[in-house]
Structures are given as structure tokens and as C-alpha cells.
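Trainee: Sending over a structure as C-alpha cells; questions will come in a sec.
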Amino acid sequence: MSAVIRARPLQRGMSRRVCLGSAVALLLPALPARADLRLDITRGQIQPVPIAIPAFAGGGAAGQAGAAIAGVVTKDLQSSGLFRPLDPHSFLAAVSAGSQPNFADWKPLGAQALVTGSAQDQGNGLQVEFRLWDVLAGQQLTGFAYTTTPANWRRIAHKIADAIYQRITGEEGYFDTRIAYIADSGPAQNRIRRLAIMDQDGANNRYLTDGRYIVLTPRFAPSAQEIAYLSYAGGQPNVYLMTLETGQRRSIGNFPGMTFAPRFSPDGGRLIFSRAEGGASNIFTIGLGGGGLSRLTSGDAINTSPCYSPDGSQVVFNSDRGGSQQLYVMSAGGGGTHRISFGSGKYGTPVWSPRGDLIAFTKIDGDTFYIGVMRPDGSGERLLTQDYLVEGPTWAPNGRVLMYFREGPMDASGNGGAPRLFTIDLTGYNKREVPTPGPASDPAWSPLLQ
């Protein structure tokens with residue numbers, strides 16, 4: 001279960017207390033900065049910021065947690081491609097979050113930013129604090145202190161990484177998030193597919209279904225506390241909802257034909273999905289609080305993969321109504337449908353960026369699959385990556401990074417071809433594999449946790 005965060009601003013010399021479920025965060029006072037260390041991430045190739053992240057000071061179990069937190073912060077920032085953590089073996093001095101560092105110890109290393117921190121035992125709790133410093137200006141940029149249960153240390157690390165990312169790039173971070181995906185196992189002819197969930201860095205993996213039924217295409221609710229997905233549990237593929245806290249699941253309704261390709265509306269009040277019947281599939285919405293079923297498309301075409309715009313006013317989907325699979329946009333009520341993809345090949349699985357400025361998609365052109373983006377009016381198409389098979393793009397909550405799955409060809413014996421998860425920067429750089437216990441597909445990126 002994600003914890004709720006409450007915040008209140010406090011004056012300098014005081015603290016800002018933030019309730020993180022069993023955790024509390026305090027904004028540490030900062031002096032006015034003489035300069036602003038800020039990274040422009042709107043360009044294609046970016047020189048990453050050299051940043052020093054020593055192990056957080058502390059003794060005993062708290063010290064071990066502090067070192068682990070610094071390690072997770074380091075990996076988070078490095079994975080973004082926007083930061084270059086320096087080798088800890090090169091550090092000349094040890095510092096804690098409670099004192100101002102001697103910046104002369106860090107300038108020769110080329111560090112532009114420095115993170116200092118400490119971890120202390122507090123009975124059955126853990127207090128963690130950190131400060132981010134601009135080494136060249138000799139000023140603190142931001143700082144927080146957190147009180148949490150020892151088991152919650154990893155979330156604190158992700159929140160620290162988010163705070164650093166936001167302060168230096170000016171955009172929200174995406175590290176305190178989760179990934180739902182389909183975990184594959186077994187031979188290719190008899191694959192077992194389980195619904196799984198993990199932290200965005202691959203930690204804390206757990207399975208939500210037992211593999212008795214095939215499951216596909218998980219999608220997070222805006223609250224990040226519920227998932228919609230396709231399941232064959234009833235013998236026919238249909239859309240189900242699962243509450244993550246309890247594991248309870250329910251079907252969205254008993255409709256003729258199969259239901260599939262679900263997504264939540266931005267306010268979480270409705271679910272949009274496809275329903276197949278009589279050789280065609282059309283797009284419907286249903287209220288999750290007792291609202292009725294509404295049809296948005298009609299006819300004998302295959303209309304599927306609907307996704308709302310962030311403001312809920314429009315829906316993008318793919319359809320073969322024009323003879324080949326292309327992308328279309330319509331109003332949330334189903335009117336004003338117009339085609340937006342006009343390049344060569346077939347387009348599918350469109351996903352609107354959380355920022356509203358782009359639509360990601362899968363494209364098949366010849367024998368090659370691509371992941372690309374275009375503006376909502378269809379202009380500015382850019383292909384970010386290609387392979388034998390790449391599918392299922394999903395956005396980080398800040399609209400900066402895409403995750404997808406990639407699968408290679410199988411040999412004559414049926415070996416190989418296992419799907420894996422990858423991330424790629426919006427600019428097409430910084431492609432990285434996301435660690436999972438085994439083959440993985442159909443990723444869904446949660447909103448920032450609360």
C-alpha cells in the first residue's frame with residue numbers, strides 16, 4: 001500500500017514535517033544560494049552532472065541502512081543518464097548532513113553537486129537526513145530529514161533521489177514509483193503468465209496472481225492502489241480490477257464477447273476498454289462508482305488500445321477502419337474522430353504522455369518493430385528504438401522516460417526470444433535494461449507514490 005504524504009511549510013531554522021505513512025520528512029533550512037545549479041534536459045545529448053554521494057554517516061544497523069540508502073540514491077540518479085556519480089574511493093573526506101562540508105575537498109574531484117546524509121536509530125524507528133550542496137557556489141540547495149520504520153528505508157532513498165532530481169532538473173522525479181508487469185515462465189508453447197509488481201528499479205518484486213490463468217496488459221489507477229488487467233480466469237478473456245492492498249479482484253461486468261485493453265480515466269472514475277463481438281471490436285467506457293456503460297465507437301473495424309489524454313478530454317486509439325492499423329484521436333464522448341498517423345507501416349498501442357505533449361506508440365514497418373513518439377496532432381514523429389520486437393510503451397509519471405519490452409527471435413529449437421523490460425530517454429538516449437527475476441512483458445508505470 002502506498003502511504004499518504006502531508007506537508008506544511010515552515011520558516012528557516014524550523015522544519016517542514018511530512019507524514020509518509022510510518023515516515024516523517026523534515027525540510028532542513030537552507031541559506032540563500034549565490035548560484036543555481038540547474039541542468040537543461042531539453043537538449044538531445046546532455047553532459048551528466050558529476051555528483052558525489054558518500055555513504056550516509058551512522059553507526060550499527062543505522063549505519064548499514066545509511067550506506068544502503070546512499071547506494072540506492074546513486075543507482076537511481078545514474079540510471080536517469082543525467083547524473084554521473086563519482087567513485088567513492090576517490091573521496092578525500094567524510095561528511096554528515098548536520099555540518100557544512102569543506103568544498104575544497106570536493107572541487108578537485110570535479111564534483112558539481114554533493115549529497116551528504118546521516119542515519120540514526122530512534123527506538124523502533126530510523127531517522128534519515130540529507131542535504132544537497134552546490135559545490136561551486138558553496139551553498140545548500142535542498143535538504144530533508146525523514147523518520148520512518150527501518151523496513152521503509154528503500155522508499156526514503158527513492159524520495160531523496162526524486163528531491164535531488166527535481167532540484168537540479170526542474171522536473172519531477174520518477175524514482176518513488178512501481179512497475180506492474182507480466183512475468184513469463186515455462187516453455188514457449190505453454191507459457192505461464194503471472195501478474196507481478198516491483199519498485200521501478202526492480203527491487204521488492206512480488207507476484208499478484210498464481211499463474212493458473214493467463215493475464216495480460218496491467219494498468220495502474222491514478223491512485224496507484226488498483227490495477228486493471230486482462231485475465232482468462234472465467235474461461236473467456238475479460239477485464240478485471242485488483243486492489244493491491246487486499247489482493248481482491250472483480251470483473252468489470254458480464255458482457256457479451258471478450259473485453260480487453262483497459263485503461264483508467266485520469267480521475268479514476270471510469271474505465272475505458274475494448275469489447276470484441278461479431279468479428280469487430282469497439283471502445284466502451286464504464287463508471288467504476290456505479291456509472292453506466294457507454295459506447296464510443298461502432299462499426300465492423302478493430303478499434304482498440306484506447307488511452308485518455310491527461311485532462312480527460314480526448315482519447316487516442318488504434319483502428320484498421322481505413323484499411324491498415326493507424327492511430328486516431330476522438331473526444332472523450334466519442335465524437336470528432338480523426339486520424340493522426342500517416343507514416344509508412346502500422347501503428348498501435350498509443351499512450352498519451354502525462355504532460356500531454358506527446359503520444360508514444362508501437363510501429364511495425366516491414367519486419368521491424370519501433371517505439372516512437374508524435375505530437376497529438378500527428379506531427380513531429382520520432383522513432384526512439386527498434387528491434388525484432390519492441391512493444392508496450394508506458395510513460396514515467398514525469399513524461400521524461402519510456403519503458404517497454406523487447407523480445408528477440410527464437411531459434412529452431414524454440415530457445416531464446418525471452419521478453420525483457422527496458423527504459424529509454426525521451427530523446428532516444430540512455431537505453432537500459434530493467435532487472436526482473438525472469439522474462440517480463442507488458443510493463444505499466446505507476447504514478448508517484450503518496
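Going through the C-alpha cells in order, the chains are called A, B, and so on, while each chain numbers its residues from 1 and the ligands are numbered from 1 in the order shown.
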Could you pull the residues within 10 Å of segment 96-111 of chain A, counting only C-alpha atoms, minus those fewer than 4 positions along the same chain, as a ChimeraX atom specification?
Mentor: /A:28,49-58,84-87,90-92,115-119,128-140,143-145
Trainee: Take the residues just selected and output them with N, CA and C atoms as a short mmCIF file (atom, residue, chain, number, x, y, z; two decimals), in the first residue's frame.
Mentor:
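Result file is again.cif:
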```cif
data_model
loop_
_atom_site.label_atom_id
_atom_site.label_comp_id
_atom_site.auth_asym_id
_atom_site.auth_seq_id
_atom_site.Cartn_x
_atom_site.Cartn_y
_atom_site.Cartn_z
N LEU A 28 14.99 20.65 5.76
CA LEU A 28 16.06 21.28 6.50
C LEU A 28 16.29 22.69 5.98
N VAL A 49 25.64 15.55 -14.82
CA VAL A 49 26.20 16.33 -13.72
C VAL A 49 27.07 15.43 -12.85
N PRO A 50 28.35 15.76 -12.65
CA PRO A 50 29.18 14.98 -11.72
C PRO A 50 28.69 15.23 -10.28
N ILE A 51 28.35 14.17 -9.59
CA ILE A 51 27.78 14.29 -8.26
C ILE A 51 28.45 13.29 -7.32
N ALA A 52 28.79 13.74 -6.13
CA ALA A 52 29.41 12.89 -5.11
C ALA A 52 28.35 12.50 -4.09
N ILE A 53 28.24 11.20 -3.81
CA ILE A 53 27.24 10.71 -2.87
C ILE A 53 27.93 9.76 -1.90
N PRO A 54 28.56 10.29 -0.85
CA PRO A 54 29.19 9.42 0.14
C PRO A 54 28.15 8.62 0.92
N ALA A 55 28.58 7.50 1.53
CA ALA A 55 27.70 6.74 2.41
C ALA A 55 27.20 7.64 3.53
N PHE A 56 25.93 7.52 3.86
CA PHE A 56 25.36 8.33 4.93
C PHE A 56 25.97 7.90 6.27
N ALA A 57 26.35 8.86 7.08
CA ALA A 57 27.01 8.59 8.35
C ALA A 57 26.04 7.91 9.32
N GLY A 58 26.59 7.09 10.21
CA GLY A 58 25.77 6.42 11.21
C GLY A 58 26.46 5.18 11.71
N ARG A 84 26.29 11.79 -13.11
CA ARG A 84 27.45 10.90 -13.14
C ARG A 84 28.01 10.80 -11.72
N PRO A 85 27.55 9.82 -10.95
CA PRO A 85 28.08 9.66 -9.59
C PRO A 85 29.58 9.35 -9.63
N LEU A 86 30.33 10.02 -8.76
CA LEU A 86 31.77 9.83 -8.71
C LEU A 86 32.13 8.60 -7.89
N ASP A 87 33.30 8.04 -8.15
CA ASP A 87 33.77 6.85 -7.46
C ASP A 87 34.01 7.16 -5.99
N SER A 90 37.48 7.74 -4.49
CA SER A 90 38.23 8.98 -4.74
C SER A 90 37.94 10.06 -3.71
N PHE A 91 36.99 9.83 -2.83
CA PHE A 91 36.58 10.88 -1.89
C PHE A 91 37.70 11.14 -0.88
N LEU A 92 37.92 12.42 -0.58
CA LEU A 92 39.01 12.84 0.31
C LEU A 92 38.56 13.04 1.75
N VAL A 115 26.04 15.25 -2.10
CA VAL A 115 24.95 14.82 -1.22
C VAL A 115 25.57 14.33 0.08
N THR A 116 25.16 14.90 1.19
CA THR A 116 25.61 14.42 2.49
C THR A 116 24.40 13.91 3.26
N GLY A 117 24.61 12.94 4.11
CA GLY A 117 23.48 12.37 4.83
C GLY A 117 23.90 11.61 6.06
N SER A 118 22.92 11.29 6.89
CA SER A 118 23.17 10.51 8.10
C SER A 118 21.93 9.68 8.39
N ALA A 119 22.14 8.60 9.13
CA ALA A 119 21.05 7.72 9.57
C ALA A 119 21.26 7.40 11.03
N VAL A 128 16.56 9.55 8.98
CA VAL A 128 17.49 9.75 7.86
C VAL A 128 17.39 11.21 7.43
N GLU A 129 18.54 11.86 7.29
CA GLU A 129 18.51 13.21 6.74
C GLU A 129 19.58 13.36 5.69
N PHE A 130 19.31 14.26 4.76
CA PHE A 130 20.28 14.52 3.69
C PHE A 130 20.23 15.98 3.33
N ARG A 131 21.34 16.42 2.72
CA ARG A 131 21.41 17.76 2.15
C ARG A 131 22.09 17.67 0.78
N LEU A 132 21.61 18.47 -0.14
CA LEU A 132 22.19 18.59 -1.48
C LEU A 132 22.91 19.92 -1.55
N TRP A 133 24.20 19.86 -1.94
CA TRP A 133 25.04 21.06 -1.97
C TRP A 133 25.49 21.37 -3.40
N ASP A 134 25.53 22.66 -3.71
CA ASP A 134 26.17 23.16 -4.93
C ASP A 134 27.63 23.40 -4.57
N VAL A 135 28.52 22.55 -5.08
CA VAL A 135 29.92 22.61 -4.68
C VAL A 135 30.57 23.91 -5.16
N LEU A 136 30.30 24.32 -6.38
CA LEU A 136 30.95 25.52 -6.92
C LEU A 136 30.49 26.79 -6.21
N ALA A 137 29.22 26.88 -5.88
CA ALA A 137 28.69 28.06 -5.19
C ALA A 137 28.87 27.96 -3.68
N GLY A 138 29.14 26.74 -3.18
CA GLY A 138 29.32 26.57 -1.74
C GLY A 138 28.05 26.78 -0.96
N GLN A 139 26.91 26.33 -1.51
CA GLN A 139 25.62 26.58 -0.88
C GLN A 139 24.76 25.32 -0.87
N GLN A 140 23.90 25.25 0.13
CA GLN A 140 22.91 24.17 0.18
C GLN A 140 21.77 24.47 -0.79
N GLY A 143 17.27 20.10 1.39
CA GLY A 143 17.56 19.10 2.41
C GLY A 143 16.30 18.64 3.10
N PHE A 144 16.26 17.37 3.45
CA PHE A 144 15.13 16.79 4.15
C PHE A 144 15.63 15.86 5.23
N ALA A 145 14.80 15.69 6.27
CA ALA A 145 15.01 14.63 7.25
C ALA A 145 13.76 13.78 7.29
#
```
Trainee: Need the shell around segment 165-179 of chain A: protein/DNA/RNA residues with any atom at most 6 Å away, counting only C-alpha atoms. Skip same-chain ones fewer than 4 positions apart. Format as a list in words?
Mentor: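 Once the nearby chain positions are removed, what remains is Arg38, Leu39, His158, Lys159, Ile197, Met198, Asp199, Gln200, Asn398, Ala444, Trp445, Ser446, Leu448 and Leu449 of chain A.
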Trainee: Would you return as number ranges by chain the members of segment 47-156 of chain A that DSSP assigns to helix (DSSP H, G or I) on this structure's backbone?
Mentor: A: 60-79, 88-90, 103-105, 107-109, 150-156
Trainee: Keeping only C-alpha atoms, write the selected residues to a file as a CSV table (one decimal), in the first residue's frame.
Mentor:
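Output saved as again.csv:
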```csv
chain,number,residue,atom,x,y,z
A,60,GLY,CA,25.4,-0.1,13.8
A,61,ALA,CA,22.3,-1.1,11.9
A,62,ALA,CA,21.5,2.6,11.2
A,63,GLY,CA,24.9,3.0,9.5
A,64,GLN,CA,24.3,0.0,7.4
A,65,ALA,CA,20.9,1.4,6.3
A,66,GLY,CA,22.6,4.8,5.6
A,67,ALA,CA,25.2,3.1,3.3
A,68,ALA,CA,22.4,1.2,1.6
A,69,ILE,CA,20.3,4.4,1.1
A,70,ALA,CA,23.3,6.2,-0.5
A,71,GLY,CA,23.7,3.2,-2.8
A,72,VAL,CA,20.1,3.3,-4.0
A,73,VAL,CA,20.2,7.1,-4.5
A,74,THR,CA,23.4,6.6,-6.5
A,75,LYS,CA,21.8,4.0,-8.8
A,76,ASP,CA,18.6,6.0,-9.2
A,77,LEU,CA,20.4,9.1,-10.3
A,78,GLN,CA,22.8,7.2,-12.5
A,79,SER,CA,20.0,5.3,-14.2
A,88,PRO,CA,33.5,6.8,-3.6
A,89,HIS,CA,37.2,5.5,-3.5
A,90,SER,CA,38.2,9.0,-4.7
A,103,PHE,CA,34.0,22.3,-0.5
A,104,ALA,CA,37.8,22.4,-1.2
A,105,ASP,CA,37.8,18.6,-0.7
A,107,LYS,CA,36.2,20.6,-6.2
A,108,PRO,CA,39.4,18.8,-7.2
A,109,LEU,CA,37.3,15.7,-7.9
A,150,PRO,CA,13.6,0.5,9.3
A,151,ALA,CA,11.8,-1.6,6.7
A,152,ASN,CA,10.8,1.6,4.8
A,153,TRP,CA,14.4,2.7,4.1
A,154,ARG,CA,14.3,2.0,0.4
A,155,ARG,CA,11.3,4.3,-0.2
A,156,ILE,CA,13.2,7.0,1.6
```
Trainee: Mind checking which residues fall within 6 Å of segment 249-257 of chain A, counting only C-alpha atoms, ignoring those fewer than 2 positions away in the same chain, and posting them as a PyMOL selection string?
Mentor: chain A and resi 240-242+276-277
Trainee: For the residues in that selection, give me C-alpha atoms as a compact mmCIF listing (two decimals), in the first residue's frame.
Mentor:
```txt
# COMPACT_ATOMS: atom_id res chain seq x y z
CA TYR A 240 -10.65 -7.42 -14.04
CA LEU A 241 -9.77 -4.94 -11.33
CA MET A 242 -7.44 -5.79 -8.42
CA ALA A 276 -14.95 -7.84 -29.21
CA GLU A 277 -18.14 -9.15 -30.73
```
Trainee: Have a look at A:Thr217, A:Ser379, A:Thr297, A:Asn204 and name the one nearest to Phe405 of chain A; count only C-alpha atoms.
Mentor: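 Nearest candidate to Phe405 of chain A out of A:Thr217, A:Ser379, A:Thr297, A:Asn204: A:Thr217.
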